[in-house]
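Pasted below: query28.pdb, PDB, C-alpha atoms, pLDDT in the B column.
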```pdb
ATOM      1  CA  MET Q 120      -0.681   6.529  -8.144  1.00 92.00           C
ATOM      2  CA  ILE Q 121      -4.262   5.948  -6.937  1.00 94.00           C
ATOM      3  CA  SER Q 122      -3.214   2.717  -5.192  1.00 95.00           C
ATOM      4  CA  LEU Q 123      -0.366   4.514  -3.424  1.00 97.00           C
ATOM      5  CA  ALA Q 124      -2.702   7.334  -2.367  1.00 97.00           C
ATOM      6  CA  ALA Q 125      -5.235   4.796  -1.078  1.00 98.00           C
ATOM      7  CA  GLY Q 126      -2.496   3.089   0.941  1.00 98.00           C
ATOM      8  CA  LEU Q 127      -1.538   6.402   2.506  1.00 98.00           C
ATOM      9  CA  ALA Q 128      -5.211   7.052   3.297  1.00 98.00           C
ATOM     10  CA  VAL Q 129      -5.654   3.670   5.005  1.00 98.00           C
ATOM     11  CA  GLN Q 130      -2.482   4.164   7.020  1.00 98.00           C
ATOM     12  CA  ALA Q 131      -3.622   7.628   8.147  1.00 98.00           C
ATOM     13  CA  ALA Q 132      -7.123   6.380   9.022  1.00 98.00           C
ATOM     14  CA  ILE Q 133      -5.822   3.542  11.189  1.00 98.00           C
ATOM     15  CA  GLN Q 134      -3.436   5.894  12.971  1.00 97.00           C
ATOM     16  CA  GLN Q 135      -6.230   8.436  13.474  1.00 97.00           C
ATOM     17  CA  VAL Q 136      -8.304   5.809  15.288  1.00 97.00           C
ATOM     18  CA  ASP Q 137      -5.312   4.481  17.275  1.00 97.00           C
ATOM     19  CA  PRO Q 138      -2.011   6.395  17.049  1.00 97.00           C
ATOM     20  CA  ASN Q 139      -0.181   3.439  18.643  1.00 97.00           C
ATOM     21  CA  VAL Q 140      -0.828   1.206  15.612  1.00 97.00           C
ATOM     22  CA  ALA Q 141       1.776   1.720  12.888  1.00 94.00           C
ATOM     23  CA  PRO Q 142       0.900  -0.052   9.627  1.00 98.00           C
ATOM     24  CA  ASP Q 143       3.718  -0.375   7.111  1.00 98.00           C
ATOM     25  CA  LEU Q 144       3.116   0.292   3.408  1.00 98.00           C
ATOM     26  CA  LYS Q 145       4.188  -2.514   1.079  1.00 97.00           C
ATOM     27  CA  TRP Q 146       4.365  -1.485  -2.582  1.00 95.00           C
ATOM     28  CA  PRO Q 147       2.024  -1.256  -4.338  1.00 92.00           C
ATOM     29  CA  ASN Q 148      -1.139  -2.237  -2.489  1.00 94.00           C
ATOM     30  CA  ASP Q 149      -0.738  -3.853   0.936  1.00 97.00           C
ATOM     31  CA  LEU Q 150      -0.462  -2.662   4.514  1.00 98.00           C
ATOM     32  CA  LEU Q 151       1.316  -4.801   7.088  1.00 98.00           C
ATOM     33  CA  ILE Q 152       1.495  -4.766  10.858  1.00 98.00           C
ATOM     34  CA  GLU Q 153       4.338  -6.705  12.457  1.00 95.00           C
ATOM     35  CA  GLY Q 154       5.026  -8.234   9.041  1.00 95.00           C
ATOM     36  CA  LYS Q 155       1.486  -9.570   8.584  1.00 97.00           C
ATOM     37  CA  LYS Q 156      -1.081  -8.335   6.078  1.00 98.00           C
ATOM     38  CA  VAL Q 157      -3.861  -6.223   7.574  1.00 98.00           C
ATOM     39  CA  CYS Q 158      -5.115  -4.559   4.393  1.00 98.00           C
ATOM     40  CA  GLY Q 159      -5.167  -5.126   0.652  1.00 97.00           C
ATOM     41  CA  ILE Q 160      -6.037  -2.609  -2.037  1.00 98.00           C
ATOM     42  CA  LEU Q 161      -7.171  -3.444  -5.572  1.00 96.00           C
ATOM     43  CA  THR Q 162      -7.504  -0.787  -8.249  1.00 95.00           C
ATOM     44  CA  GLU Q 163      -9.252  -1.341 -11.582  1.00 95.00           C
ATOM     45  CA  MET Q 164      -9.270   1.205 -14.364  1.00 93.00           C
ATOM     46  CA  ASN Q 165     -11.259   1.568 -17.577  1.00 95.00           C
ATOM     47  CA  SER Q 166      -9.582   3.847 -20.071  1.00 93.00           C
ATOM     48  CA  GLU Q 167      -8.868   4.725 -23.661  1.00 93.00           C
ATOM     49  CA  ALA Q 168      -5.561   5.870 -25.078  1.00 90.00           C
ATOM     50  CA  THR Q 169      -6.167   9.484 -24.063  1.00 92.00           C
ATOM     51  CA  GLN Q 170      -8.813   9.308 -21.353  1.00 93.00           C
ATOM     52  CA  VAL Q 171      -9.540   7.509 -18.105  1.00 91.00           C
ATOM     53  CA  ARG Q 172     -13.218   6.608 -17.984  1.00 94.00           C
ATOM     54  CA  TYR Q 173     -13.256   5.474 -14.359  1.00 95.00           C
ATOM     55  CA  ILE Q 174     -11.192   3.961 -11.579  1.00 95.00           C
ATOM     56  CA  VAL Q 175     -12.592   1.652  -8.926  1.00 97.00           C
ATOM     57  CA  VAL Q 176     -10.636   1.198  -5.701  1.00 97.00           C
ATOM     58  CA  GLY Q 177     -11.397  -1.754  -3.442  1.00 97.00           C
ATOM     59  CA  ILE Q 178     -10.013  -1.667   0.092  1.00 98.00           C
ATOM     60  CA  GLY Q 179     -10.217  -4.629   2.443  1.00 98.00           C
ATOM     61  CA  ILE Q 180      -9.162  -4.031   6.054  1.00 98.00           C
ATOM     62  CA  ASN Q 181      -9.063  -6.864   8.583  1.00 98.00           C
ATOM     63  CA  VAL Q 182     -10.714  -5.129  11.512  1.00 98.00           C
ATOM     64  CA  ASN Q 183     -12.177  -7.476  14.151  1.00 98.00           C
ATOM     65  CA  GLN Q 184     -11.123 -10.985  13.155  1.00 98.00           C
ATOM     66  CA  ALA Q 185     -10.006 -12.964  16.212  1.00 97.00           C
ATOM     67  CA  SER Q 186      -7.636 -15.266  14.313  1.00 97.00           C
ATOM     68  CA  PHE Q 187      -6.323 -16.415  10.945  1.00 97.00           C
ATOM     69  CA  PRO Q 188      -4.651 -19.660   9.927  1.00 97.00           C
ATOM     70  CA  PRO Q 189      -0.885 -19.082  10.375  1.00 95.00           C
ATOM     71  CA  GLU Q 190      -0.119 -19.919   6.732  1.00 95.00           C
ATOM     72  CA  LEU Q 191      -2.103 -16.853   5.585  1.00 96.00           C
ATOM     73  CA  GLY Q 192       0.340 -14.416   7.168  1.00 96.00           C
ATOM     74  CA  ALA Q 193      -2.555 -12.125   8.066  1.00 98.00           C
ATOM     75  CA  THR Q 194      -3.554 -10.148  11.120  1.00 98.00           C
ATOM     76  CA  SER Q 195      -6.349  -7.805  12.169  1.00 98.00           C
ATOM     77  CA  LEU Q 196      -6.524  -4.555  14.078  1.00 98.00           C
ATOM     78  CA  ARG Q 197      -8.182  -6.471  16.934  1.00 98.00           C
ATOM     79  CA  MET Q 198      -5.429  -9.094  17.008  1.00 98.00           C
ATOM     80  CA  VAL Q 199      -2.767  -6.372  17.142  1.00 97.00           C
ATOM     81  CA  THR Q 200      -4.386  -4.252  19.849  1.00 98.00           C
ATOM     82  CA  GLY Q 201      -6.305  -6.860  21.830  1.00 97.00           C
ATOM     83  CA  SER Q 202      -9.560  -4.909  21.620  1.00 97.00           C
ATOM     84  CA  GLU Q 203     -12.481  -4.583  19.233  1.00 98.00           C
ATOM     85  CA  TRP Q 204     -12.565  -1.632  16.869  1.00 98.00           C
ATOM     86  CA  SER Q 205     -15.601   0.329  15.755  1.00 98.00           C
ATOM     87  CA  ARG Q 206     -16.025  -0.397  12.057  1.00 97.00           C
ATOM     88  CA  VAL Q 207     -17.991   2.846  11.769  1.00 98.00           C
ATOM     89  CA  GLU Q 208     -15.097   4.830  13.245  1.00 98.00           C
ATOM     90  CA  VAL Q 209     -12.589   3.105  10.935  1.00 98.00           C
ATOM     91  CA  ALA Q 210     -14.837   3.680   7.886  1.00 98.00           C
ATOM     92  CA  ALA Q 211     -15.384   7.357   8.755  1.00 98.00           C
ATOM     93  CA  ALA Q 212     -11.663   7.960   9.248  1.00 98.00           C
ATOM     94  CA  LEU Q 213     -10.943   6.132   5.975  1.00 98.00           C
ATOM     95  CA  LEU Q 214     -13.473   8.149   3.982  1.00 98.00           C
ATOM     96  CA  LYS Q 215     -12.008  11.406   5.316  1.00 98.00           C
ATOM     97  CA  SER Q 216      -8.480  10.266   4.475  1.00 98.00           C
ATOM     98  CA  LEU Q 217      -9.487   9.083   0.999  1.00 97.00           C
ATOM     99  CA  ASP Q 218     -11.217  12.403   0.339  1.00 97.00           C
ATOM    100  CA  ARG Q 219      -8.097  14.318   1.426  1.00 96.00           C
ATOM    101  CA  GLU Q 220      -5.806  12.215  -0.818  1.00 96.00           C
ATOM    102  CA  TYR Q 221      -8.177  12.439  -3.794  1.00 94.00           C
ATOM    103  CA  ARG Q 222      -8.508  16.214  -3.456  1.00 95.00           C
ATOM    104  CA  THR Q 223      -4.720  16.457  -3.358  1.00 93.00           C
ATOM    105  CA  LEU Q 224      -4.532  14.482  -6.610  1.00 92.00           C
ATOM    106  CA  LEU Q 225      -7.073  16.747  -8.273  1.00 92.00           C
ATOM    107  CA  GLU Q 226      -5.940  20.117  -6.961  1.00 94.00           C
ATOM    108  CA  SER Q 227      -2.219  20.033  -6.259  1.00 94.00           C
ATOM    109  CA  PRO Q 228       0.202  20.462  -9.156  1.00 94.00           C
ATOM    110  CA  ASP Q 229       2.838  18.423  -7.314  1.00 95.00           C
ATOM    111  CA  ALA Q 230       0.437  15.708  -6.101  1.00 95.00           C
ATOM    112  CA  MET Q 231       2.291  12.793  -7.678  1.00 94.00           C
ATOM    113  CA  GLN Q 232       5.585  13.937  -6.199  1.00 96.00           C
ATOM    114  CA  SER Q 233       3.948  14.392  -2.790  1.00 95.00           C
ATOM    115  CA  ILE Q 234       2.352  10.941  -2.858  1.00 96.00           C
ATOM    116  CA  THR Q 235       5.535   9.132  -3.894  1.00 96.00           C
ATOM    117  CA  ARG Q 236       7.608  11.071  -1.334  1.00 96.00           C
ATOM    118  CA  ARG Q 237       5.203  10.340   1.521  1.00 97.00           C
ATOM    119  CA  PHE Q 238       4.864   6.688   0.484  1.00 97.00           C
ATOM    120  CA  VAL Q 239       8.650   6.265   0.562  1.00 97.00           C
ATOM    121  CA  GLU Q 240       8.896   8.048   3.930  1.00 97.00           C
ATOM    122  CA  ARG Q 241       6.233   5.808   5.502  1.00 97.00           C
ATOM    123  CA  SER Q 242       7.290   2.454   4.036  1.00 97.00           C
ATOM    124  CA  SER Q 243      10.078   0.180   5.248  1.00 96.00           C
ATOM    125  CA  TRP Q 244       9.771  -1.615   1.897  1.00 96.00           C
ATOM    126  CA  ALA Q 245      10.743   1.313  -0.327  1.00 96.00           C
ATOM    127  CA  TYR Q 246      14.513   1.227   0.222  1.00 96.00           C
ATOM    128  CA  GLY Q 247      16.939  -1.502   1.117  1.00 96.00           C
ATOM    129  CA  LYS Q 248      14.544  -4.462   1.318  1.00 97.00           C
ATOM    130  CA  LYS Q 249      15.752  -7.679  -0.317  1.00 97.00           C
ATOM    131  CA  VAL Q 250      12.822  -8.904  -2.375  1.00 97.00           C
ATOM    132  CA  ARG Q 251      11.685 -11.249  -5.091  1.00 96.00           C
ATOM    133  CA  ILE Q 252       9.192  -9.828  -7.599  1.00 95.00           C
ATOM    134  CA  GLU Q 253       6.934 -12.476  -9.102  1.00 93.00           C
ATOM    135  CA  GLU Q 254       4.968 -11.781 -12.248  1.00 87.00           C
ATOM    136  CA  THR Q 255       2.828 -14.163 -14.275  1.00 84.00           C
ATOM    137  CA  PHE Q 256       5.655 -15.645 -16.344  1.00 87.00           C
ATOM    138  CA  SER Q 257       8.803 -14.256 -14.772  1.00 88.00           C
ATOM    139  CA  ALA Q 258      10.523 -13.303 -11.548  1.00 92.00           C
ATOM    140  CA  MET Q 259      13.433 -11.112 -10.514  1.00 94.00           C
ATOM    141  CA  GLU Q 260      15.344 -10.526  -7.324  1.00 96.00           C
ATOM    142  CA  GLY Q 261      17.054  -7.497  -5.951  1.00 97.00           C
ATOM    143  CA  THR Q 262      16.991  -4.741  -3.365  1.00 97.00           C
ATOM    144  CA  THR Q 263      14.351  -2.033  -3.359  1.00 97.00           C
ATOM    145  CA  ALA Q 264      15.665   1.378  -4.379  1.00 97.00           C
ATOM    146  CA  GLY Q 265      12.697   3.742  -4.020  1.00 96.00           C
ATOM    147  CA  LEU Q 266       9.951   4.770  -6.406  1.00 97.00           C
ATOM    148  CA  ASP Q 267      10.236   6.620  -9.684  1.00 96.00           C
ATOM    149  CA  ALA Q 268       8.217   9.766 -10.432  1.00 94.00           C
ATOM    150  CA  ARG Q 269       5.280   7.648 -11.646  1.00 94.00           C
ATOM    151  CA  GLY Q 270       5.173   5.570  -8.441  1.00 95.00           C
ATOM    152  CA  PHE Q 271       6.778   2.433  -9.890  1.00 96.00           C
ATOM    153  CA  LEU Q 272       9.172   0.449  -7.712  1.00 97.00           C
ATOM    154  CA  GLN Q 273      12.878   0.668  -8.493  1.00 97.00           C
ATOM    155  CA  LEU Q 274      14.810  -2.547  -7.948  1.00 97.00           C
ATOM    156  CA  LYS Q 275      18.605  -2.875  -7.835  1.00 97.00           C
ATOM    157  CA  THR Q 276      19.451  -6.168  -9.515  1.00 95.00           C
ATOM    158  CA  ALA Q 277      22.628  -7.824 -10.748  1.00 94.00           C
ATOM    159  CA  HIS Q 278      21.815  -6.223 -14.134  1.00 93.00           C
ATOM    160  CA  GLY Q 279      21.330  -2.674 -12.861  1.00 95.00           C
ATOM    161  CA  VAL Q 280      18.271  -0.794 -11.663  1.00 96.00           C
ATOM    162  CA  GLN Q 281      15.012  -2.188 -13.053  1.00 94.00           C
ATOM    163  CA  THR Q 282      11.612  -0.496 -12.974  1.00 95.00           C
ATOM    164  CA  VAL Q 283       8.880  -2.776 -11.629  1.00 94.00           C
ATOM    165  CA  LEU Q 284       5.472  -1.986 -13.104  1.00 92.00           C
ATOM    166  CA  SER Q 285       3.556  -4.754 -11.340  1.00 90.00           C
ATOM    167  CA  GLY Q 286       3.965  -8.057  -9.574  1.00 90.00           C
ATOM    168  CA  THR Q 287       3.868  -9.733  -6.202  1.00 92.00           C
ATOM    169  CA  VAL Q 288       6.609  -8.511  -3.877  1.00 95.00           C
ATOM    170  CA  ARG Q 289       7.972 -11.074  -1.430  1.00 93.00           C
ATOM    171  CA  GLU Q 290      10.694 -10.464   1.110  1.00 94.00           C
ATOM    172  CA  ARG Q 291      13.841 -12.566   0.785  1.00 91.00           C
ATOM    173  CA  LYS Q 292      15.725 -13.469   3.920  1.00 77.00           C
TER     174      LYS Q 292
END
```
Entire entry expressed as structure tokens:
Amino acid sequence: MISLAAGLAVQAAIQQVDPNVAPDLKWPNDLLIEGKKVCGILTEMNSEATQVRYIVVGIGINVNQASFPPELGATSLRMVTGSEWSRVEVAAALLKSLDREYRTLLESPDAMQSITRRFVERSSWAYGKKVRIEETFSAMEGTTAGLDARGFLQLKTAHGVQTVLSGTVRERK
């Protein structure tokens, strides 16, 4: 849920700085512009069976890079808009957005429902995308069918709807 909330925060921050830029949320931890990766989010957690000790969220946004090798499938805010962005302005907008999402998680009784609903509304990947999910020792293919209440991806496969807990999501043509 934290990764989804962070994705929403990044999307909101970018759109606060430039409303004409519309990043797409790719479950669970990427943002894309025009099909190319502009941001990645990594979340690490230390916990026990009954208690989370801490969560660390790492967010990498490609801001002012002028180019990437084509095989990377990456872009930057500068490449998309044709102008340099203030990293300070992006960071300030991101911190405000992260604070808003985190407060929602802490204070709102329906926070998880709100985050999953907003993620689905703001992601072209949540429903109807033909994908291949690659995990360490396995892979499955299907069509995305939304998120469950815990934020896990639902995938329609030949064997019914499967819940995807983790993995690399790749679009199939």
Requested in this report: Spell out the residues picked by the PyMOL selection byres ((chain Q and resi 237) around 12) here, as a list in words.
Outcome: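 When the PyMOL selection byres ((chain Q and resi 237) around 12) is applied, the selected residues are Met120, Leu123, Ala124, Gly126, Leu127, Ala128, Gln130, Ala131, Leu144, Glu220, Ala230, Met231, Gln232, Ser233, Ile234, Thr235, Arg236, Phe238, Val239, Glu240, Arg241, Ser242, Ser243, Ala245, Gly265, Leu266 and Gly270 of chain Q.
The closest residue to Gln134 in chain Q, picked from Q:Ile152, Q:Ala168, Q:Ile178, Q:Leu161 and counting all atoms listed in the file, is Q:Ile152.
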Query - Selected residue of minimal separation from Val182 in chain Q among Q:Leu272, Q:Ala264, Q:Leu224, Q:Val207, counting all atoms listed in the file - result: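 Checking each of Q:Leu272, Q:Ala264, Q:Leu224, Q:Val207 against Val182 in chain Q, counting all atoms listed in the file, the winner is Q:Val207.
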Residue contacts of Leu150 in chain Q (9 Å, only C-alpha atoms) excluding same-chain residues fewer than 5 positions away, as a PDB file with C-alpha atoms, keeping the file's coordinate frame:
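Final file, selection_36.pdb:
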```pdb
ATOM      1  CA  GLY Q 126      -2.496   3.089   0.941  1.00 98.00           C
ATOM      2  CA  VAL Q 129      -5.654   3.670   5.005  1.00 98.00           C
ATOM      3  CA  GLN Q 130      -2.482   4.164   7.020  1.00 98.00           C
ATOM      4  CA  PRO Q 142       0.900  -0.052   9.627  1.00 98.00           C
ATOM      5  CA  ASP Q 143       3.718  -0.375   7.111  1.00 98.00           C
ATOM      6  CA  LEU Q 144       3.116   0.292   3.408  1.00 98.00           C
ATOM      7  CA  LYS Q 145       4.188  -2.514   1.079  1.00 97.00           C
ATOM      8  CA  LYS Q 155       1.486  -9.570   8.584  1.00 97.00           C
ATOM      9  CA  LYS Q 156      -1.081  -8.335   6.078  1.00 98.00           C
ATOM     10  CA  VAL Q 157      -3.861  -6.223   7.574  1.00 98.00           C
ATOM     11  CA  CYS Q 158      -5.115  -4.559   4.393  1.00 98.00           C
ATOM     12  CA  GLY Q 159      -5.167  -5.126   0.652  1.00 97.00           C
ATOM     13  CA  ILE Q 160      -6.037  -2.609  -2.037  1.00 98.00           C
ATOM     14  CA  ILE Q 180      -9.162  -4.031   6.054  1.00 98.00           C
TER      15      ILE Q 180
END
```
Query raised in the report: Which polymer residues have any atom within 12 Å of an atom of Lys275 in chain Q, counting only C-alpha atoms, with same-chain residues fewer than 3 positions away left out, as a ChimeraX atom specification?
Result: /Q:245-252,259-266,272,278-283
Requested in this report: To one decimal in Å, tell me the separation between CA of Arg291 in chain Q and CA of Ile121 in chain Q.
Outcome: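 So the answer is 27.0 Å.
Nearest to Leu217 in chain Q of all the residues Q:Ser285, Q:Leu151, Q:Gly177, Q:Asp267 is Q:Gly177, based on all atoms listed in the file.
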Query - Counting all atoms listed in the file, the residue of Q:Gly192, Q:Ala132, Q:Ser122, Q:Ser202 that sits nearest Arg219 in chain Q - result: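 Among the listed residues, the smallest separation from Arg219 in chain Q belongs to Q:Ala132.
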